[in-house]
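Below: entry02.tsv (TSV, C-alpha atoms)
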chain	number	residue	atom	x	y	z
G	231	MET	CA	-140.96	-76.54	115.35
G	232	ALA	CA	-144.72	-77.16	115.39
G	233	THR	CA	-145.87	-73.76	114.15
G	234	PRO	CA	-143.92	-70.86	112.68
G	235	TYR	CA	-143.18	-67.84	114.85
G	236	ILE	CA	-144.56	-64.58	113.45
G	237	ILE	CA	-142.79	-61.27	114.10
G	238	ALA	CA	-144.25	-57.93	113.01
G	239	THR	CA	-141.61	-55.22	112.76
G	240	HIS	CA	-143.18	-51.82	113.10
G	241	SER	CA	-142.44	-48.14	113.62
G	242	TYR	CA	-144.80	-45.26	114.21
G	243	ARG	CA	-143.07	-43.05	111.64
G	244	GLY	CA	-141.12	-43.68	108.47
G	245	GLY	CA	-137.37	-43.23	108.35
G	246	THR	CA	-136.51	-45.39	111.35
G	247	GLY	CA	-134.60	-47.91	109.21
G	248	LYS	CA	-137.25	-50.54	109.94
G	249	SER	CA	-137.00	-52.36	106.62
G	250	ASN	CA	-133.20	-52.39	106.74
G	251	VAL	CA	-133.26	-53.83	110.24
G	252	THR	CA	-135.91	-56.39	109.25
G	253	ALA	CA	-133.95	-57.58	106.23
G	254	ASN	CA	-130.74	-57.94	108.21
G	255	ILE	CA	-132.52	-59.76	111.04
G	256	ALA	CA	-133.87	-62.18	108.42
G	257	ALA	CA	-130.33	-62.83	107.19
G	258	GLU	CA	-129.00	-63.49	110.69
G	259	LEU	CA	-131.88	-65.86	111.45
G	260	ALA	CA	-131.21	-67.76	108.22
G	261	LEU	CA	-127.52	-68.03	109.13
G	262	SER	CA	-128.62	-69.91	112.25
G	263	GLY	CA	-130.39	-72.50	110.10
G	264	LEU	CA	-133.98	-71.22	110.11
G	265	ARG	CA	-136.26	-71.01	107.10
G	266	VAL	CA	-137.33	-67.37	107.16
G	267	GLY	CA	-140.16	-65.74	105.25
G	268	VAL	CA	-140.34	-61.96	104.77
G	269	VAL	CA	-143.55	-60.21	103.71
G	270	ASP	CA	-143.66	-56.59	102.63
G	271	THR	CA	-147.05	-55.54	103.99
G	272	ASP	CA	-146.39	-51.88	103.13
G	273	LEU	CA	-148.04	-52.26	99.73
G	274	PRO	CA	-148.64	-48.52	99.17
G	275	SER	CA	-144.88	-47.93	99.39
G	276	PRO	CA	-143.00	-51.24	99.12
G	277	GLY	CA	-139.24	-51.24	99.37
G	278	ILE	CA	-137.68	-54.14	101.25
G	279	HIS	CA	-137.25	-56.08	97.98
G	280	ILE	CA	-134.41	-53.74	97.01
G	281	LEU	CA	-132.37	-54.83	100.03
G	282	PHE	CA	-132.58	-58.39	98.74
G	283	GLY	CA	-131.39	-57.41	95.26
G	284	GLN	CA	-134.84	-57.56	93.67
G	285	ASP	CA	-135.21	-54.13	92.07
G	286	GLU	CA	-138.11	-55.32	89.91
G	287	PRO	CA	-139.49	-58.52	91.44
G	288	ALA	CA	-141.04	-60.79	88.84
G	289	VAL	CA	-143.70	-62.05	91.24
G	290	THR	CA	-145.35	-60.16	94.09
G	291	ILE	CA	-148.08	-60.30	96.69
G	292	ASN	CA	-150.14	-58.07	94.38
G	293	GLY	CA	-150.27	-60.89	91.84
G	294	VAL	CA	-151.73	-63.21	94.46
G	295	ILE	CA	-154.33	-60.65	95.51
G	296	ASP	CA	-155.28	-60.17	91.85
G	297	GLN	CA	-155.43	-63.97	91.41
G	298	GLU	CA	-152.85	-63.93	88.61
G	299	TYR	CA	-151.00	-66.83	90.26
G	300	GLY	CA	-151.02	-68.79	93.50
G	301	ILE	CA	-148.91	-68.26	96.57
G	302	ALA	CA	-146.59	-71.16	95.70
G	303	LYS	CA	-145.36	-69.15	92.70
G	304	ALA	CA	-145.33	-65.76	94.41
G	305	PHE	CA	-142.31	-65.89	96.71
G	306	ILE	CA	-138.64	-65.56	95.77
G	307	ASP	CA	-135.65	-67.36	97.25
G	308	VAL	CA	-133.36	-64.47	98.19
G	309	THR	CA	-130.88	-66.42	100.30
G	310	PRO	CA	-127.40	-64.94	99.79
G	311	ALA	CA	-124.92	-67.24	98.09
G	312	GLY	CA	-122.34	-68.99	100.21
G	313	PRO	CA	-121.92	-72.08	102.38
G	314	SER	CA	-122.43	-70.18	105.65
G	315	PHE	CA	-126.20	-70.01	105.19
G	316	LEU	CA	-127.68	-73.08	106.84
G	317	GLY	CA	-131.23	-71.79	106.40
G	318	LYS	CA	-133.20	-69.95	103.73
G	319	ILE	CA	-134.79	-66.55	103.14
G	320	PHE	CA	-137.95	-66.33	101.06
G	321	LEU	CA	-139.40	-62.96	100.08
G	322	LEU	CA	-143.01	-62.13	99.34
G	323	ALA	CA	-142.52	-58.69	97.83
G	324	GLY	CA	-144.86	-55.81	97.18
G	325	SER	CA	-145.06	-54.57	93.61
G	326	PRO	CA	-143.17	-51.31	92.95
G	327	LYS	CA	-145.09	-50.70	89.71
G	328	PRO	CA	-147.10	-47.45	89.89
G	329	ALA	CA	-150.21	-49.08	88.40
G	330	ASP	CA	-150.15	-51.85	91.01
G	331	ILE	CA	-149.63	-49.39	93.85
G	332	ALA	CA	-152.49	-47.21	92.62
G	333	LYS	CA	-154.75	-50.25	92.38
G	334	ILE	CA	-153.98	-51.50	95.88
G	335	VAL	CA	-154.49	-48.01	97.34
G	336	LYS	CA	-157.82	-47.67	95.55
G	337	GLU	CA	-159.22	-51.18	95.98
G	338	GLY	CA	-157.37	-52.50	99.01
G	339	TYR	CA	-157.66	-56.10	100.17
G	340	THR	CA	-159.46	-58.03	102.88
G	341	MET	CA	-158.19	-59.53	106.10
G	342	ASP	CA	-159.32	-62.95	104.89
G	343	GLN	CA	-157.15	-62.57	101.80
G	344	MET	CA	-154.08	-61.79	103.89
G	345	ILE	CA	-154.75	-64.67	106.28
G	346	ASP	CA	-154.91	-67.05	103.33
G	347	ILE	CA	-151.71	-65.57	101.88
G	348	TYR	CA	-149.79	-65.88	105.16
G	349	ARG	CA	-150.99	-69.44	105.71
G	350	GLY	CA	-150.20	-70.38	102.14
G	351	PHE	CA	-146.73	-68.83	102.35
G	352	ILE	CA	-145.96	-70.61	105.63
G	353	LYS	CA	-147.01	-73.96	104.21
G	354	ALA	CA	-145.50	-73.65	100.72
G	355	ALA	CA	-142.11	-72.48	101.99
G	356	ALA	CA	-142.14	-74.65	105.16
G	357	LEU	CA	-141.25	-71.60	107.25
G	358	ASP	CA	-139.87	-71.54	110.77
G	359	VAL	CA	-140.23	-67.76	111.10
G	360	LEU	CA	-142.39	-65.19	109.31
G	361	LEU	CA	-141.35	-61.51	109.40
G	362	LEU	CA	-144.01	-58.93	108.55
G	363	ASP	CA	-142.48	-55.61	107.49
G	364	THR	CA	-145.33	-53.21	108.21
G	365	HIS	CA	-146.56	-49.86	106.98
G	366	PRO	CA	-145.61	-47.07	109.44
G	367	GLY	CA	-148.28	-45.57	111.65
G	368	ILE	CA	-151.61	-46.87	112.84
G	369	ASN	CA	-153.87	-48.16	110.07
G	370	GLU	CA	-155.88	-51.24	109.18
G	371	THR	CA	-152.88	-53.10	107.76
G	372	THR	CA	-150.84	-52.41	110.88
G	373	LEU	CA	-153.60	-53.55	113.19
G	374	PHE	CA	-153.98	-56.76	111.22
G	375	SER	CA	-150.25	-57.46	111.34
G	376	ILE	CA	-150.26	-56.93	115.10
G	377	THR	CA	-153.19	-59.26	115.70
G	378	VAL	CA	-151.65	-62.22	113.82
G	379	SER	CA	-148.17	-61.86	115.34
G	380	ASP	CA	-146.51	-63.69	118.20
G	381	LEU	CA	-144.18	-60.74	118.72
G	382	LEU	CA	-144.44	-57.05	117.91
G	383	LEU	CA	-140.97	-55.55	117.50
G	384	MET	CA	-141.23	-51.76	117.74
G	385	ILE	CA	-138.35	-49.86	116.16
G	386	LEU	CA	-137.87	-46.24	117.16
G	387	ARG	CA	-135.36	-43.43	116.97
G	388	PRO	CA	-134.22	-41.30	119.92
G	389	ASP	CA	-136.53	-38.34	119.35
G	390	ARG	CA	-139.68	-37.12	121.08
G	391	GLN	CA	-142.02	-37.71	118.13
G	392	ASP	CA	-140.97	-41.36	117.95
G	393	TYR	CA	-141.31	-41.73	121.72
G	394	GLN	CA	-144.85	-40.38	121.67
G	395	GLY	CA	-145.94	-42.33	118.60
G	396	THR	CA	-144.46	-45.53	119.99
G	397	ALA	CA	-146.44	-45.03	123.19
G	398	VAL	CA	-149.67	-44.83	121.17
G	399	THR	CA	-148.81	-47.99	119.22
G	400	VAL	CA	-147.80	-49.92	122.33
G	401	ASP	CA	-151.10	-49.01	123.99
G	402	VAL	CA	-153.07	-50.15	120.94
G	403	ALA	CA	-151.07	-53.39	120.70
G	404	ARG	CA	-151.78	-54.25	124.31
G	405	LYS	CA	-155.48	-53.59	123.86
G	406	LEU	CA	-155.39	-55.95	120.87
G	407	GLY	CA	-153.78	-58.60	123.05
G	408	VAL	CA	-150.41	-58.93	121.31
G	409	PRO	CA	-148.69	-61.92	123.00
G	410	ASP	CA	-145.26	-60.32	123.26
G	411	LEU	CA	-143.75	-56.88	122.75
G	412	ARG	CA	-140.13	-55.82	122.45
G	413	LEU	CA	-138.43	-52.56	121.48
G	414	LEU	CA	-135.33	-51.76	119.48
G	415	MET	CA	-133.76	-48.33	119.11
G	416	ASN	CA	-132.09	-47.50	115.82
G	417	LYS	CA	-130.02	-44.54	114.60
G	418	ALA	CA	-128.77	-43.56	118.05
G	419	LEU	CA	-125.81	-41.21	118.32
G	420	THR	CA	-122.76	-42.84	119.90
G	421	SER	CA	-122.34	-39.75	122.10
G	422	LEU	CA	-125.58	-40.55	123.96
G	423	ASP	CA	-125.73	-42.50	127.21
G	424	TRP	CA	-127.08	-45.77	125.81
G	425	GLN	CA	-127.59	-47.48	129.15
G	426	THR	CA	-129.73	-44.59	130.40
G	427	ILE	CA	-131.71	-44.61	127.14
G	428	LYS	CA	-132.31	-48.35	127.41
G	429	SER	CA	-133.45	-48.07	131.01
G	430	THR	CA	-135.75	-45.16	130.13
G	431	ILE	CA	-137.31	-47.07	127.23
G	432	GLU	CA	-138.01	-50.13	129.36
G	433	ALA	CA	-139.46	-48.05	132.20
G	434	THR	CA	-141.60	-45.96	129.85
G	435	TYR	CA	-143.11	-48.79	127.81
G	436	GLN	CA	-142.88	-51.58	130.39
G	437	ALA	CA	-141.30	-53.89	127.82
G	438	PRO	CA	-137.77	-55.18	127.17
G	439	CYS	CA	-135.47	-53.22	124.88
G	440	LEU	CA	-133.45	-55.69	122.82
G	441	GLY	CA	-130.72	-53.20	122.11
G	442	ILE	CA	-129.60	-49.94	120.57
G	443	LEU	CA	-128.19	-49.66	117.05
G	444	ALA	CA	-125.94	-46.72	116.26
G	445	GLN	CA	-126.51	-44.08	113.61
G	446	ASN	CA	-124.49	-45.52	110.77
G	447	ASP	CA	-123.04	-43.43	107.96
G	448	ASP	CA	-121.61	-46.59	106.39
G	449	ILE	CA	-125.13	-47.92	105.78
G	450	MET	CA	-126.04	-44.61	104.18
G	451	ARG	CA	-123.07	-44.93	101.84
G	452	TYR	CA	-124.30	-48.33	100.69
G	453	GLY	CA	-127.57	-46.65	99.75
G	454	GLY	CA	-129.75	-49.66	100.53
G	455	SER	CA	-127.89	-51.91	98.09
G	456	GLY	CA	-127.88	-55.31	99.74
G	457	LEU	CA	-127.72	-56.74	103.23
G	458	PHE	CA	-125.26	-54.68	105.25
G	459	SER	CA	-124.66	-57.38	107.86
G	460	GLN	CA	-123.44	-59.73	105.13
G	461	GLN	CA	-121.36	-57.12	103.35
G	462	GLU	CA	-119.76	-55.94	106.60
G	463	PRO	CA	-119.79	-58.92	109.01
G	464	ASN	CA	-117.35	-57.33	111.46
G	465	HIS	CA	-118.87	-53.85	111.51
G	466	PRO	CA	-120.16	-52.59	114.90
G	467	PHE	CA	-123.71	-52.43	113.48
G	468	THR	CA	-123.54	-56.12	112.56
G	469	VAL	CA	-122.17	-57.02	115.98
G	470	GLN	CA	-125.00	-55.08	117.65
G	471	LEU	CA	-127.56	-56.71	115.36
G	472	LYS	CA	-126.27	-60.19	116.15
G	473	ALA	CA	-126.78	-59.42	119.84
G	474	VAL	CA	-130.41	-58.53	119.10
G	475	VAL	CA	-130.96	-61.73	117.11
G	476	SER	CA	-129.41	-63.80	119.91
G	477	GLN	CA	-132.30	-62.59	122.09
G	478	LEU	CA	-134.89	-63.44	119.47
G	479	LEU	CA	-133.74	-67.01	118.89
G	480	PRO	CA	-134.90	-68.35	122.30
G	481	LEU	CA	-138.34	-66.79	121.72
G	482	ILE	CA	-138.59	-68.44	118.31
G	483	SER	CA	-137.54	-71.86	119.53
G	484	ALA	CA	-139.65	-71.80	122.72
Exercise: express the given structure as structure tokens:
Amino acid sequence: MATPYIIATHSYRGGTGKSNVTANIAAELALSGLRVGVVDTDLPSPGIHILFGQDEPAVTINGVIDQEYGIAKAFIDVTPAGPSFLGKIFLLAGSPKPADIAKIVKEGYTMDQMIDIYRGFIKAAALDVLLLDTHPGINETTLFSITVSDLLLMILRPDRQDYQGTAVTVDVARKLGVPDLRLLMNKALTSLDWQTIKSTIEATYQAPCLGILAQNDDIMRYGGSGLFSQQEPNHPFTVQLKAVVSQLLPLISA
């Protein structure tokens, strides 16, 4: 693969399960043999590190921004143990320390800094795919993530606020010239007519819907401890997620 494929996973509002979906997509991509990088770009409220078993990551993107160490020392190999993983997962986490969060909120960072960090991460980890887990809503960080991505994956729930907010984001993304746009519905009730929902989504946003993931009480019971798709490989959620990833793989390898 000549250049890595960059996917920004985004939702207009919090609570869509975006980070959980992103982490599990990363695992499924790594199972297929890809070297996958994950960046938590939601630095004011980082959280995806917990899903990879890094409650207090020793190195973070904040350390790179503060020039405490270089990018080659900032990412963590979070590939689950076991022979089934043909690829790798590398995490560039956000710092959960209150002082670091306060500093990043107050001082921020520049687009040039993030470009250098992404490029450095891609090179140092020899990545095939880079996943950018974004901050919800429309802000400078989100816009930057959209502009550097090959694919914007919008994750939404089946409610009117998400529908409206997603429409705003999709419009902005198209004005920014995002190369590709796909949608994924999460937390859908099994009693709903999924085929009608999928058709409505595609007609409304004029973009493919990769699938619909069911509201999952089992994930809630795990409480964000680990990668659900690896803990429950035969669960309906995992089966649905694998179907989504099977649609992403041709885009990545194109």
Place a sphere of radius 10 Å on (-139.1, -50.3, 100.2) in the file coordinates and name every protein, DNA or RNA residue with an atom inside or on its surface, counting all atoms listed in the file; give the answer as number ranges by chain. G: 248-250, 270, 272-281, 285, 323-326, 363, 454
What's the 10 Å shell around Ala473 (chain G), counting only C-alpha atoms, without same-chain residues fewer than 6 positions away, as a PDB file with C-alpha atoms, in the coordinates of the input?
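Written file, out_20.pdb:
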ATOM      1  CA  LEU G 440    -133.450 -55.690 122.820  1.00  0.00           C
ATOM      2  CA  GLY G 441    -130.720 -53.200 122.110  1.00  0.00           C
ATOM      3  CA  ILE G 442    -129.600 -49.940 120.570  1.00  0.00           C
ATOM      4  CA  PHE G 467    -123.710 -52.430 113.480  1.00  0.00           C
TER       5      PHE G 467
END
Of the candidates G:Val266, G:Leu422, G:Ala253, G:Tyr435, which shows the shortest atom-to-atom distance to Leu471 (chain G), using only C-alpha atoms?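 Residue with the minimum atom-to-atom distance to Leu471 (chain G): G:Ala253.
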Pick out the closest residue to Lys333 (chain G) from this set: G:Trp424, G:Ala356, G:Pro466, G:Asp296. Count all atoms listed in the file.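 For Lys333 (chain G), the nearest of the given residues is G:Asp296.
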